[in-house]
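coords_27.pdb follows (PDB, C-alpha atoms (C1' of nucleotides)):
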ATOM      1  CA  MET A  55      54.742 -94.307-195.803
ATOM      2  CA  GLU A  56      56.376 -91.022-196.737
ATOM      3  CA  THR A  57      59.668 -92.752-197.447
ATOM      4  CA  ILE A  58      57.827 -95.233-199.669
ATOM      5  CA  ARG A  59      55.956 -92.470-201.490
ATOM      6  CA  ARG A  60      59.196 -90.684-202.311
ATOM      7  CA  GLN A  61      60.745 -93.821-203.756
ATOM      8  CA  LEU A  62      57.675 -94.952-205.637
ATOM      9  CA  ALA A  63      56.715 -91.718-207.354
ATOM     10  CA  PRO A  64      59.581 -91.518-209.879
ATOM     11  CA  LEU A  65      59.137 -95.211-210.702
ATOM     12  CA  ILE A  66      55.440 -95.156-211.616
ATOM     13  CA  VAL A  67      54.332 -91.601-212.507
ATOM     14  CA  GLY A  68      53.468 -91.292-216.179
ATOM     15  CA  ARG A  69      53.004 -95.004-216.690
ATOM     16  CA  GLN A  70      49.826 -96.801-217.670
ATOM     17  CA  VAL A  71      48.207 -99.686-215.840
ATOM     18  CA  ILE A  72      47.806-102.232-218.606
ATOM     19  CA  ASP A  73      46.580-105.088-216.434
ATOM     20  CA  ALA A  74      45.719-105.741-212.799
ATOM     21  CA  ASP A  75      44.619-108.527-210.522
ATOM     22  CA  ALA A  76      43.792-108.861-206.837
ATOM     23  CA  HIS A  77      42.910-111.213-204.029
ATOM     24  CA  PRO A  78      39.119-111.757-204.005
ATOM     25  CA  SER A  79      38.696-110.286-200.524
ATOM     26  CA  ALA A  80      36.795-106.993-200.454
ATOM     27  CA  LYS A  81      39.906-105.378-198.979
ATOM     28  CA  PHE A  82      41.785-105.791-202.251
ATOM     29  CA  ALA A  83      39.399-106.731-205.043
ATOM     30  CA  THR A  84      38.627-103.234-206.354
ATOM     31  CA  GLY A  85      42.285-102.701-207.159
ATOM     32  CA  VAL A  86      41.648-104.229-210.575
ATOM     33  CA  GLU A  87      39.514-101.213-211.484
ATOM     34  CA  ALA A  88      42.661 -99.170-211.988
ATOM     35  CA  ALA A  89      43.404-101.136-215.161
ATOM     36  CA  GLY A  90      43.448 -98.923-218.240
ATOM     37  CA  ALA A  91      44.271 -95.697-216.406
ATOM     38  CA  ALA A  92      47.551 -93.799-216.402
ATOM     39  CA  ILE A  93      49.261 -92.615-213.234
ATOM     40  CA  LEU A  94      49.476 -88.846-212.798
ATOM     41  CA  ALA A  95      50.929 -88.488-209.303
ATOM     42  CA  VAL A  96      51.676 -90.321-206.078
ATOM     43  CA  GLU A  97      50.370 -88.478-203.042
ATOM     44  CA  ARG A  98      50.026 -89.370-199.386
ATOM     45  CA  ARG A  99      47.656 -88.475-196.560
ATOM     46  CA  GLY A 100      48.617 -89.913-193.225
ATOM     47  CA  LYS A 101      49.405 -93.569-193.800
ATOM     48  CA  TYR A 102      47.315 -93.739-196.967
ATOM     49  CA  LEU A 103      48.959 -93.635-200.386
ATOM     50  CA  LEU A 104      46.827 -91.835-202.982
ATOM     51  CA  ILE A 105      47.807 -92.688-206.547
ATOM     52  CA  GLN A 106      46.096 -90.213-208.864
ATOM     53  CA  LEU A 107      44.750 -91.675-212.097
ATOM     54  CA  ASP A 108      44.075 -89.810-215.340
ATOM     55  CA  ASP A 109      40.328 -90.515-215.275
ATOM     56  CA  ASP A 110      39.476 -88.491-212.151
ATOM     57  CA  ARG A 111      39.809 -91.482-209.905
ATOM     58  CA  GLU A 112      42.464 -92.469-207.395
ATOM     59  CA  LEU A 113      43.965 -95.737-206.275
ATOM     60  CA  VAL A 114      44.142 -95.730-202.471
ATOM     61  CA  ILE A 115      46.554 -98.113-200.766
ATOM     62  CA  HIS A 116      47.010 -98.709-197.046
ATOM     63  CA  LEU A 117      49.765-101.125-196.026
ATOM     64  CA  GLY A 118      48.234-102.155-192.710
ATOM     65  CA  MET A 119      50.911-103.795-190.616
ATOM     66  CA  THR A 120      52.692-106.162-192.913
ATOM     67  CA  GLY A 121      52.183-104.622-196.325
ATOM     68  CA  ARG A 122      55.028-103.829-198.720
ATOM     69  CA  LEU A 123      55.022-102.266-202.149
ATOM     70  CA  GLN A 124      57.521-103.720-204.566
ATOM     71  CA  ILE A 125      58.275-103.501-208.257
ATOM     72  CA  ARG A 126      59.221-106.647-210.124
ATOM     73  CA  GLY A 127      59.534-107.661-213.726
ATOM     74  CA  SER A 128      56.238-108.560-215.399
ATOM     75  CA  ALA A 129      57.682-111.921-216.453
ATOM     76  CA  THR A 130      58.221-113.138-212.879
ATOM     77  CA  ALA A 131      55.299-114.890-211.188
ATOM     78  CA  PRO A 132      53.825-113.046-208.184
ATOM     79  CA  ASP A 133      54.394-114.973-204.957
ATOM     80  CA  PRO A 134      51.363-116.125-202.939
ATOM     81  CA  TYR A 135      51.476-113.144-200.582
ATOM     82  CA  VAL A 136      50.959-110.611-203.377
ATOM     83  CA  ARG A 137      47.385-109.473-202.686
ATOM     84  CA  ALA A 138      47.102-107.042-205.580
ATOM     85  CA  TRP A 139      49.224-106.104-208.560
ATOM     86  CA  TRP A 140      49.226-103.582-211.356
ATOM     87  CA  ASP A 141      51.163-104.283-214.539
ATOM     88  CA  LEU A 142      52.769-101.101-215.841
ATOM     89  CA  GLY A 143      54.192-102.646-218.989
ATOM     90  CA  GLY A 144      57.423-104.520-218.414
ATOM     91  CA  GLU A 145      57.252-104.004-214.675
ATOM     92  CA  ARG A 146      54.609-104.798-212.137
ATOM     93  CA  LEU A 147      53.746-102.893-208.952
ATOM     94  CA  GLU A 148      52.874-105.444-206.279
ATOM     95  CA  LEU A 149      51.222-105.145-202.873
ATOM     96  CA  HIS A 150      52.791-107.901-200.789
ATOM     97  CA  ASP A 151      50.854-108.345-197.535
ATOM     98  CA  VAL A 152      51.198-111.516-195.476
ATOM     99  CA  ARG A 153      48.517-110.749-192.892
ATOM    100  CA  ARG A 154      46.079-109.001-195.192
ATOM    101  CA  PHE A 155      45.692-106.035-192.848
ATOM    102  CA  GLY A 156      46.276-103.759-195.796
ATOM    103  CA  ARG A 157      43.587-102.280-197.969
ATOM    104  CA  VAL A 158      43.134-101.132-201.551
ATOM    105  CA  ALA A 159      40.362 -99.070-203.113
ATOM    106  CA  VAL A 160      39.745 -97.324-206.421
ATOM    107  CA  VAL A 161      37.451 -94.363-205.817
ATOM    108  CA  ASP A 162      36.389 -91.128-207.435
ATOM    109  CA  ARG A 163      39.039 -88.508-206.717
ATOM    110  CA  SER A 164      38.790 -87.331-203.089
ATOM    111  CA  ASP A 165      35.730 -89.486-202.412
ATOM    112  CA  HIS A 166      36.888 -91.168-199.224
ATOM    113  CA  SER A 167      33.445 -92.040-197.902
ATOM    114  CA  SER A 168      34.232 -95.758-198.019
ATOM    115  CA  MET A 169      37.234 -95.233-195.717
ATOM    116  CA  PRO A 170      36.059 -93.502-192.539
ATOM    117  CA  THR A 171      39.497 -92.991-191.013
ATOM    118  CA  LEU A 172      40.816 -91.368-194.188
ATOM    119  CA  ALA A 173      37.684 -89.235-194.474
ATOM    120  CA  ALA A 174      38.137 -87.907-190.918
ATOM    121  CA  LEU A 175      41.931 -87.625-191.028
ATOM    122  CA  GLY A 176      43.501 -84.755-189.126
ATOM    123  CA  PRO A 177      46.083 -82.328-190.546
ATOM    124  CA  GLU A 178      49.426 -83.530-191.812
ATOM    125  CA  PRO A 179      52.034 -83.222-189.053
ATOM    126  CA  PHE A 180      54.206 -80.890-191.167
ATOM    127  CA  ASP A 181      51.267 -78.723-192.230
ATOM    128  CA  PRO A 182      51.367 -75.268-190.613
ATOM    129  CA  ALA A 183      47.787 -75.953-189.513
ATOM    130  CA  PHE A 184      49.085 -78.542-187.057
ATOM    131  CA  THR A 185      49.808 -76.159-184.195
ATOM    132  CA  GLY A 186      49.892 -76.651-180.466
ATOM    133  CA  ALA A 187      46.575 -74.825-180.287
ATOM    134  CA  HIS A 188      45.075 -77.219-182.824
ATOM    135  CA  LEU A 189      46.213 -80.288-180.892
ATOM    136  CA  TRP A 190      45.036 -78.771-177.617
ATOM    137  CA  ALA A 191      41.571 -78.108-179.048
ATOM    138  CA  ALA A 192      41.353 -81.516-180.720
ATOM    139  CA  LEU A 193      42.296 -83.377-177.551
ATOM    140  CA  ARG A 194      39.928 -81.274-175.485
ATOM    141  CA  ALA A 195      37.030 -82.260-177.744
ATOM    142  CA  SER A 196      37.255 -85.917-176.733
ATOM    143  CA  ARG A 197      37.351 -87.743-173.422
ATOM    144  CA  ALA A 198      39.271 -90.719-174.800
ATOM    145  CA  ARG A 199      42.825 -91.433-173.669
ATOM    146  CA  VAL A 200      45.474 -89.312-175.397
ATOM    147  CA  LYS A 201      47.132 -92.303-177.058
ATOM    148  CA  THR A 202      43.787 -93.632-178.280
ATOM    149  CA  GLN A 203      43.092 -90.236-179.795
ATOM    150  CA  LEU A 204      46.443 -90.111-181.559
ATOM    151  CA  LEU A 205      45.916 -93.593-182.996
ATOM    152  CA  SER A 206      42.477 -92.529-184.257
ATOM    153  CA  GLN A 207      44.310 -90.268-186.754
ATOM    154  CA  ARG A 208      41.861 -87.438-186.041
ATOM    155  CA  PRO A 209      44.017 -84.926-184.104
ATOM    156  CA  VAL A 210      46.898 -85.414-186.556
ATOM    157  CA  ALA A 211      47.498 -87.772-189.475
ATOM    158  CA  GLY A 212      50.091 -90.516-189.603
ATOM    159  CA  VAL A 213      50.980 -91.286-185.977
ATOM    160  CA  GLY A 214      50.954 -95.055-185.343
ATOM    161  CA  ASN A 215      51.811 -97.111-182.286
ATOM    162  CA  ILE A 216      55.585 -96.705-182.411
ATOM    163  CA  TYR A 217      55.651 -92.978-183.046
ATOM    164  CA  ALA A 218      52.886 -92.378-180.494
ATOM    165  CA  ASP A 219      54.962 -94.012-177.753
ATOM    166  CA  GLU A 220      58.075 -92.118-178.809
ATOM    167  CA  ALA A 221      56.371 -88.713-178.916
ATOM    168  CA  LEU A 222      54.465 -89.241-175.646
ATOM    169  CA  TRP A 223      57.662 -90.257-173.861
ATOM    170  CA  ARG A 224      59.621 -87.298-175.216
ATOM    171  CA  ALA A 225      56.845 -84.905-174.216
ATOM    172  CA  GLY A 226      56.455 -86.426-170.749
ATOM    173  CA  VAL A 227      52.793 -87.227-171.388
ATOM    174  CA  HIS A 228      51.246 -90.401-169.993
ATOM    175  CA  PRO A 229      49.362 -92.257-172.791
ATOM    176  CA  GLU A 230      46.310 -92.779-170.573
ATOM    177  CA  ARG A 231      45.782 -89.119-169.783
ATOM    178  CA  ARG A 232      42.421 -87.844-170.951
ATOM    179  CA  THR A 233      43.129 -84.139-170.836
ATOM    180  CA  LEU A 234      46.154 -81.969-171.533
ATOM    181  CA  GLY A 235      46.799 -78.313-170.815
ATOM    182  CA  ARG A 236      47.959 -75.892-173.481
ATOM    183  CA  ALA A 237      51.607 -76.331-172.565
ATOM    184  CA  GLY A 238      51.411 -80.118-172.535
ATOM    185  CA  ALA A 239      49.635 -80.160-175.893
ATOM    186  CA  GLY A 240      52.239 -77.778-177.303
ATOM    187  CA  ALA A 241      55.062 -80.011-176.126
ATOM    188  CA  LEU A 242      53.368 -83.082-177.574
ATOM    189  CA  ARG A 243      52.856 -81.330-180.913
ATOM    190  CA  ASP A 244      56.546 -80.402-181.055
ATOM    191  CA  GLU A 245      57.649 -83.945-180.253
ATOM    192  CA  ILE A 246      55.305 -85.539-182.813
ATOM    193  CA  ILE A 247      56.915 -83.389-185.499
ATOM    194  CA  GLN A 248      60.413 -84.119-184.203
ATOM    195  CA  VAL A 249      59.862 -87.888-184.000
ATOM    196  CA  LEU A 250      58.337 -88.148-187.484
ATOM    197  CA  ALA A 251      60.918 -85.892-189.142
ATOM    198  CA  THR A 252      63.772 -87.873-187.613
ATOM    199  CA  ALA A 253      62.248 -91.211-188.622
ATOM    200  CA  ILE A 254      61.825 -90.037-192.225
ATOM    201  CA  ASP A 255      65.447 -88.887-192.291
ATOM    202  CA  ARG A 256      66.425 -92.405-191.268
ATOM    203  CA  GLY A 257      64.342 -94.037-193.987
ATOM    204  CA  GLY A 258      61.585 -95.306-191.688
ATOM    205  CA  THR A 259      61.356 -97.777-188.829
ATOM    206  CA  THR A 260      61.811-101.497-189.578
ATOM    207  CA  LEU A 261      60.598-103.622-186.693
ATOM    208  CA  ARG A 262      59.007-106.581-188.411
ATOM    209  CA  ASP A 263      57.839-106.321-191.972
ATOM    210  CA  TYR A 264      58.422-102.768-193.118
ATOM    211  CA  ARG A 265      60.554-102.459-196.232
ATOM    212  CA  THR A 266      61.180 -99.730-198.724
ATOM    213  CA  VAL A 267      60.169-100.194-202.362
ATOM    214  CA  GLU A 268      63.703-101.422-203.012
ATOM    215  CA  GLY A 269      63.361-104.028-200.251
ATOM    216  CA  ALA A 270      65.704-102.212-197.904
ATOM    217  CA  THR A 271      65.053-101.633-194.210
ATOM    218  CA  GLY A 272      65.001 -98.241-192.538
ATOM    219  CA  THR A 273      67.298 -97.507-189.612
ATOM    220  CA  ASN A 274      65.077 -95.619-187.173
ATOM    221  CA  GLN A 275      64.479 -98.791-185.141
ATOM    222  CA  LEU A 276      68.091 -98.458-183.970
ATOM    223  CA  HIS A 277      67.270 -95.126-182.325
ATOM    224  CA  LEU A 278      63.951 -95.795-180.562
ATOM    225  CA  GLU A 279      64.027 -94.256-177.102
ATOM    226  CA  CYS A 280      60.864 -95.766-175.597
ATOM    227  CA  TYR A 281      58.841 -98.151-177.801
ATOM    228  CA  GLY A 282      59.722-101.786-177.176
ATOM    229  CA  ARG A 283      62.113-100.976-174.307
ATOM    230  CA  ALA A 284      59.915-102.080-171.370
ATOM    231  CA  GLY A 285      62.132-103.421-168.579
ATOM    232  CA  GLU A 286      65.062-101.349-169.792
ATOM    233  CA  PRO A 287      66.216 -98.039-168.281
ATOM    234  CA  CYS A 288      64.503 -94.762-169.099
ATOM    235  CA  LEU A 289      67.034 -92.697-171.008
ATOM    236  CA  ARG A 290      65.971 -89.579-169.118
ATOM    237  CA  CYS A 291      65.614 -90.631-165.456
ATOM    238  CA  GLY A 292      67.258 -94.054-165.349
ATOM    239  CA  GLY A 293      64.151 -95.731-163.917
ATOM    240  CA  THR A 294      62.696 -98.858-165.470
ATOM    241  CA  LEU A 295      60.263 -98.454-168.369
ATOM    242  CA  SER A 296      56.887-100.193-167.932
ATOM    243  CA  ARG A 297      54.625-102.010-170.343
ATOM    244  CA  LEU A 298      50.889-101.316-170.494
ATOM    245  CA  VAL A 299      48.126-102.165-172.902
ATOM    246  CA  VAL A 300      46.286 -99.087-174.138
ATOM    247  CA  ASP A 301      43.531 -99.467-176.696
ATOM    248  CA  GLY A 302      44.697-103.027-177.295
ATOM    249  CA  ARG A 303      48.204-101.874-178.245
ATOM    250  CA  GLY A 304      51.414-102.703-176.481
ATOM    251  CA  THR A 305      52.562 -99.467-174.873
ATOM    252  CA  THR A 306      55.831 -98.521-173.204
ATOM    253  CA  VAL A 307      55.896 -95.754-170.622
ATOM    254  CA  CYS A 308      58.134 -94.236-167.951
ATOM    255  CA  ARG A 309      55.948 -93.878-164.881
ATOM    256  CA  THR A 310      58.278 -91.206-163.496
ATOM    257  CA  CYS A 311      58.706 -88.998-166.565
ATOM    258  CA  GLN A 312      55.128 -89.541-167.793
ATOM    259  CA  PRO A 313      52.961 -89.121-164.690
ATOM    260  CA  LEU A 314      49.271 -89.881-165.082
ATOM    261  CA  ARG A 315      48.181 -86.920-162.964
ATOM    262  CA  GLY A 316      49.403 -83.384-162.461
ATOM    263  CA  ARG A 317      50.826 -80.898-164.897
ATOM    264  CA  VAL A 318      52.984 -82.011-167.779
ATOM    265  CA  ASP A 319      56.548 -80.913-167.035
ATOM    266  CA  THR A 320      57.473 -79.308-170.351
ATOM    267  CA  ARG A 321      60.971 -78.515-169.082
ATOM    268  CA  GLN A 322      62.032 -82.118-169.637
ATOM    269  CA  VAL A 323      61.520 -81.996-173.399
ATOM    270  CA  ASN A 324      64.805 -82.785-175.129
TER
ATOM    271  C1'  DC B  96      26.904 -90.007-180.938
ATOM    272  C1'  DG B  97      31.214 -91.259-178.735
ATOM    273  C1'  DC B  98      33.830 -94.585-176.928
ATOM    274  C1'  DA B  99      35.446 -99.370-175.914
ATOM    275  C1'  DG B 100      36.099-103.790-177.482
ATOM    276  C1'  DC B 101      36.466-107.186-180.921
ATOM    277  C1'  DG B 102      37.804-109.505-185.318
ATOM    278  C1'  DC B 103      40.528-109.876-189.149
ATOM    279  C1'  DC B 104      45.199-112.575-190.429
ATOM    280  C1'  DT B 105      49.553-115.553-190.175
ATOM    281  C1'  DG B 106      54.581-116.041-189.170
ATOM    282  C1'  DA B 107      57.575-115.919-185.278
ATOM    283  C1'  DA B 108      58.717-117.051-180.823
ATOM    284  C1'  DG B 109      58.209-119.346-176.557
ATOM    285  C1'  DG B 110      56.716-123.304-173.598
ATOM    286  C1'  DC B 111      56.486-128.097-172.608
TER
ATOM    287  C1'  DT C 226      61.925-132.526-182.211
ATOM    288  C1'  DG C 227      57.447-131.123-182.749
ATOM    289  C1'  DC C 228      53.177-129.565-181.411
ATOM    290  C1'  DC C 229      50.550-126.064-179.215
ATOM    291  C1'  DT C 230      49.762-121.424-177.546
ATOM    292  C1'  DT C 231      50.592-116.685-177.511
ATOM    293  C1'  DC C 232      51.844-112.404-179.537
ATOM    294  C1'  DA C 233      52.183-108.500-182.848
ATOM    295  C1'  DG C 234      48.637-104.557-184.449
ATOM    296  C1'  DG C 235      45.850-100.645-188.294
ATOM    297  C1'  DC C 236      41.620-100.249-189.183
ATOM    298  C1'  DG C 237      36.540-101.119-189.706
ATOM    299  C1'  DC C 238      32.676-102.599-187.480
ATOM    300  C1'  DT C 239      29.430-103.364-183.665
ATOM    301  C1'  DG C 240      27.103-102.550-179.514
ATOM    302  C1'  DC C 241      26.458-100.155-175.272
TER
END

Represent the structure of the file as structure tokens.
Amino acid sequence: METIRRQLAPLIVGRQVIDADAHPSAKFATGVEAAGAAILAVERRGKYLLIQLDDDRELVIHLGMTGRLQIRGSATAPDPYVRAWWDLGGERLELHDVRRFGRVAVVDRSDHSSMPTLAALGPEPFDPAFTGAHLWAALRASRARVKTQLLSQRPVAGVGNIYADEALWRAGVHPERRTLGRAGAGALRDEIIQVLATAIDRGGTTLRDYRTVEGATGTNQLHLECYGRAGEPCLRCGGTLSRLVVDGRGTTVCRTCQPLRGRVDTRQVN
DNA sequence: CGCAGCGCCTGAAGGC
DNA sequence: TGCCTTCAGGCGCTGC
């Protein structure tokens, strides 16, 4: 999402939404309410894009799993998978989303009450407030599994299934642990930052549908160390990575490097 | 209230 | 070859 925000901002800031249309589903329909407003800025919180409008409202876009943002000429007809579009005069910003897991909303600025996950979002991973102590305290406040907590977006914003598996593996933390000591939480915090920073440098992770605004793929999928490698060797110990289902998500884990019980061995962090 | 489980969607991939 | 089943999963909602 950060790579998309960076590409999109220079293309749409300062332009006016002269027309809009959307799929009738409640997930997309309010997108049309942005019509008439001008775009002041393109911000991001976690996986949510926040497009600031000049009338004290914001257009919130979440891509779900299969969503893409693309810019096409206004004269071309939107294809059937375009769930919402905003005509900027000559060019049209389109939300292309095959599975309709994405979401669009036009709300009063910073009024996120209609989106509970956004309203309760944790700190940005690169914010100085996201410290090991913060993650330790956040994890301690819940009895849910560590991976479930990360996916909830509450301890820290923006960690999805792929990056959760990568960070947990690098930190030597089993995804089904329910508690972490200070050292384990500190290691996990460091690895979350490392994994996200590296992925952004590589333009994002393209596994299925992800594309940049220009339609290009990222390259981080070529460097994944854990996610999707079940049955293949652990790059640290050489053992075989296992597949579990945690919180309904496919999860890859090294049962040796990520023990379910005992202290987290922070010495193994790369 | 917190947590677990389910439903939303549809193309791709695998099985027979 | 073609039909059928299974799988992928971010988030919101529901119910215990």

**Message:** Set the distance at 7 Å and use all atoms listed in the file: which residues neighbour Met55 (chain A) once local chain neighbours fewer than 3 positions away are removed? I'd like the list as a ChimeraX atom specification.
**Reply:** /A:58-59,101

**Message:** Taking all atoms listed in the file into account, find every residue of chain B that has an atom no more than 9 Å from chain A, and write it out as an NGL selection string.
**Reply:** :B and (97-100 or 103-106)

Residues of the last selection are to be written out with C-alpha atoms (C1' of nucleotides), as a compact mmCIF listing (two decimals), in the frame of the given file.
# COMPACT_ATOMS: atom_id res chain seq x y z
C1' DG B 97 31.21 -91.26 -178.74
C1' DC B 98 33.83 -94.58 -176.93
C1' DA B 99 35.45 -99.37 -175.91
C1' DG B 100 36.10 -103.79 -177.48
C1' DC B 103 40.53 -109.88 -189.15
C1' DC B 104 45.20 -112.58 -190.43
C1' DT B 105 49.55 -115.55 -190.18
C1' DG B 106 54.58 -116.04 -189.17

**Request:** When you get a sec, could you note down which chain C residues fall within 8 Å of chain A, using only C-alpha atoms (C1' of nucleotides), as JSON, numbers by chain?
**Result:** {"C": [234, 235, 236]}

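This file gives the following result for the PyMOL selection byres ((chain A and resi 114) around 9): Gly85, Tyr102, Leu103, Leu104, Ile105, Gln106, Glu112, Leu113, Ile115, His116, Arg157, Val158, Ala159, Val160 and Val161 of chain A.
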
**Asked** Could you write out as a ChimeraX atom specification the residues that the PyMOL selection byres ((chain A and resi 223-234) around 6) matches in the shown file?
**Response** /A:197-201,220-222,235,238-239,241-242,311-314,323

**Message:** Need to verify the contact set: DT230 (chain C), 10 Å, only C-alpha atoms (C1' of nucleotides), exclusion of same-chain residues closer than 2 positions in sequence. Can you return it as a list in words?
**Reply:**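 Here the qualifying residues turn out to be DG109 and DG110 of chain B; DC228 and DC232 of chain C.
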
**Prompt:** Rounded to one decimal in Å, what is the spacing between CA of Ala211 (chain A) and CA of Ala88 (chain A)?
**Reply:**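 Interatomic distance, CA of Ala211 (chain A) to CA of Ala88 (chain A): 25.7 Å.
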